[in-house]
Structures are given as C-alpha cells and as structure tokens.
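**Q** Below you'll find input_37.cif; it's mmCIF, C-alpha atoms.
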data_work
loop_
_atom_site.label_atom_id
_atom_site.label_comp_id
_atom_site.auth_asym_id
_atom_site.auth_seq_id
_atom_site.Cartn_x
_atom_site.Cartn_y
_atom_site.Cartn_z
CA MET J 1211 89.08 89.31 99.44
CA LEU J 1212 91.60 91.72 98.05
CA ILE J 1213 90.25 94.79 99.86
CA GLU J 1214 90.06 93.07 103.23
CA GLN J 1215 93.64 91.83 102.90
CA ALA J 1216 94.85 95.32 101.94
CA ILE J 1217 93.11 96.77 105.00
CA ILE J 1218 94.74 94.19 107.29
CA GLU J 1219 98.20 94.81 105.84
CA LYS J 1220 97.94 98.61 106.06
CA ILE J 1221 96.55 98.60 109.60
CA ASN J 1222 99.27 96.20 110.76
CA LYS J 1223 101.96 98.40 109.20
CA ASP J 1224 100.68 101.77 110.47
CA PHE J 1225 99.24 100.87 113.88
CA SER J 1226 101.15 97.81 115.19
CA PRO J 1227 97.92 96.52 116.72
CA ILE J 1228 97.61 94.78 120.04
CA LEU J 1229 94.32 93.49 118.64
CA LEU J 1230 92.90 93.71 115.13
CA ASN J 1231 89.49 92.32 114.30
CA ILE J 1232 88.02 93.00 110.86
CA GLU J 1233 84.59 91.80 109.84
CA ASN J 1234 83.21 91.99 106.31
CA GLU J 1235 79.60 92.99 106.94
CA SER J 1236 78.66 93.46 103.29
CA TYR J 1237 76.26 90.50 103.49
CA MET J 1238 74.17 92.52 105.97
CA HIS J 1239 73.57 95.19 103.33
CA SER J 1240 72.25 95.36 99.80
CA SER J 1241 75.80 94.64 98.56
CA GLY J 1242 75.27 90.94 99.22
CA ARG J 1243 77.60 88.07 100.01
CA GLY J 1244 81.03 88.19 98.44
CA ALA J 1245 81.10 91.98 98.26
CA GLU J 1246 83.76 94.03 100.02
CA SER J 1247 81.89 97.25 100.65
CA HIS J 1248 81.05 97.29 104.38
CA PHE J 1249 83.56 96.54 107.13
CA LYS J 1250 83.70 96.72 110.90
CA LEU J 1251 87.17 97.30 112.29
CA THR J 1252 88.01 96.87 115.95
CA LEU J 1253 91.54 98.02 116.67
CA VAL J 1254 93.52 98.27 119.89
CA SER J 1255 96.79 100.17 119.53
CA ASP J 1256 99.26 102.09 121.66
CA LYS J 1257 99.22 104.69 118.84
CA PHE J 1258 95.85 105.89 120.16
CA GLU J 1259 97.27 106.93 123.55
CA GLY J 1260 96.52 110.60 124.17
CA LYS J 1261 94.37 110.94 121.03
CA ARG J 1262 90.69 111.79 120.98
CA ALA J 1263 88.21 109.73 118.99
CA VAL J 1264 88.19 112.16 116.04
CA ALA J 1265 91.99 112.05 115.68
CA ARG J 1266 91.93 108.24 115.86
CA HIS J 1267 89.29 108.04 113.14
CA GLN J 1268 91.17 110.53 110.96
CA ALA J 1269 94.35 108.45 111.27
CA VAL J 1270 92.56 105.27 110.16
CA TYR J 1271 90.77 107.07 107.31
CA ALA J 1272 94.12 108.45 106.11
CA CYS J 1273 95.66 104.99 106.27
CA LEU J 1274 92.78 103.46 104.27
CA ASN J 1275 92.26 106.36 101.88
CA GLU J 1276 92.62 104.24 98.72
CA GLU J 1277 90.17 101.58 99.91
CA LEU J 1278 87.62 104.25 100.86
CA LYS J 1279 87.94 105.80 97.40
CA ASN J 1280 87.69 102.44 95.63
CA GLY J 1281 84.81 100.36 96.83
CA VAL J 1282 84.57 100.55 100.61
CA HIS J 1283 81.23 102.21 101.21
CA ALA J 1284 81.11 101.94 105.00
CA LEU J 1285 83.73 101.48 107.67
CA ALA J 1286 82.56 101.11 111.26
CA LEU J 1287 85.47 101.91 113.55
CA HIS J 1288 85.93 100.83 117.15
CA LEU J 1289 89.31 102.19 118.23
CA TYR J 1290 90.79 101.69 121.68
CA THR J 1291 93.90 102.02 123.78
CA LYS J 1292 94.94 98.94 125.74
CA SER J 1293 93.39 100.28 128.96
CA GLU J 1294 90.12 101.27 127.22
CA TRP J 1295 89.88 97.78 125.74
CA ALA J 1296 90.36 96.25 129.19
CA GLU J 1297 87.67 98.57 130.62
CA ILE J 1298 85.04 97.28 128.19
CA GLY J 1299 86.04 93.69 128.87
CA GLY J 1300 87.58 93.02 125.46
CA VAL J 1301 84.24 92.62 123.73
CA VAL J 1302 83.82 93.56 120.07
CA PRO J 1303 80.69 95.74 119.76
CA LYS J 1304 77.76 94.25 117.84
CA SER J 1305 76.60 95.95 114.65
CA PRO J 1306 73.02 97.13 114.19
CA ASN J 1307 70.89 95.66 111.42
CA CYS J 1308 71.01 97.51 108.13
CA LEU J 1309 68.11 99.88 107.55
CA GLY J 1310 68.91 100.29 103.86
CA VAL J 1311 67.09 99.20 100.75
CA GLY J 1312 65.88 95.61 100.77
CA HIS J 1313 66.07 95.21 104.56
#
Show me, as structure tokens, the structure contained in the file I just sent.

**A**
Amino acid sequence: MLIEQAIIEKINKDFSPILLNIENESYMHSSGRGAESHFKLTLVSDKFEGKRAVARHQAVYACLNEELKNGVHALALHLYTKSEWAEIGGVVPKSPNCLGVGH
C-alpha cells in the first residue's frame, strides 16, 4: 500500500488533520482487490476555515498531485471544518456502488 501511505503522510504534513479517514475503494471498481486506484478521503482540518469547497478540493489535489498523476484514478473528497463535521454528526459519507464496467 505504497500510494495509500504516501497520501496519509502528505495529508498529515499539509493539513494537520483533526480527523483523517482514508478508504481504498479500488475493490468496488474494475481495478480489483489489492489495487490502489480509487480512494475516499474524509478530512477535518482547521486549514479549511473560510475556504469554499472548490478551494479545499484544489488544495488537496495540489498536495496529492504526484499520486493523481501516477495511478490514482479516482479520489472522493469529503472535506470539513471542525464545526461542519460536528453538524453532520461525525459520520463518514457512504460511497455509491460503481457503475463502471463489470458492475
């Protein structure tokens, strides 16, 4: 799990998360088990205060630029401030089933 570990390290360094939950969802897609191509990232950080969703996504994409260029096909992002996280009850959103080939 080299890619997943790199994501965790970079997110920890750049965002000092209050909460970081990463799920490798590659098994839900045609990539199959053991692949590192589809991830869901739930991140709560004070760095998102005062930033709109687009700016938050851009910051994470910039942080993970190398991973997105080299094998990560999909990255579902759920990015919150501490108060937003509390508002939704601290529940990680569920992912929809893949509608791709073979499913």

**Q** Interatomic distance between CA of Val1301 (chain J) and CA of Asn1275 (chain J)?

**A**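 Between these atoms lies a distance of 27.0 Å.
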
**Q** Apply the PyMOL selection byres ((chain J and resi 1247-1254) around 10) to the displayed file and report the matching residues as a VMD selection string.

**A** chain J and resid 1213 to 1214 1217 to 1218 1221 to 1222 1225 to 1242 1244 to 1246 1255 to 1258 1270 1277 to 1278 1280 to 1295 1300 to 1305

**Q** When you count only C-alpha atoms, which of these residues is closest to Ala1216 (chain J): J:Ile1298, J:Leu1274, J:Val1264, J:Ala1269?

**A**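 Between J:Ile1298, J:Leu1274, J:Val1264, J:Ala1269, the residue approaching Ala1216 (chain J) most closely is J:Leu1274.
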
**Q** To one decimal place, how far is CA of Lys1261 (chain J) from CA of Asp1224 (chain J) in Å?

**A**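 Computing the Euclidean distance for CA of Lys1261 (chain J) and CA of Asp1224 (chain J) yields 15.3 Å.
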
**Q** Please measure the separation of CA of Ala1296 (chain J) and CA of Gly1260 (chain J), giving the value in Å to one decimal.

**A** 16.4 Å
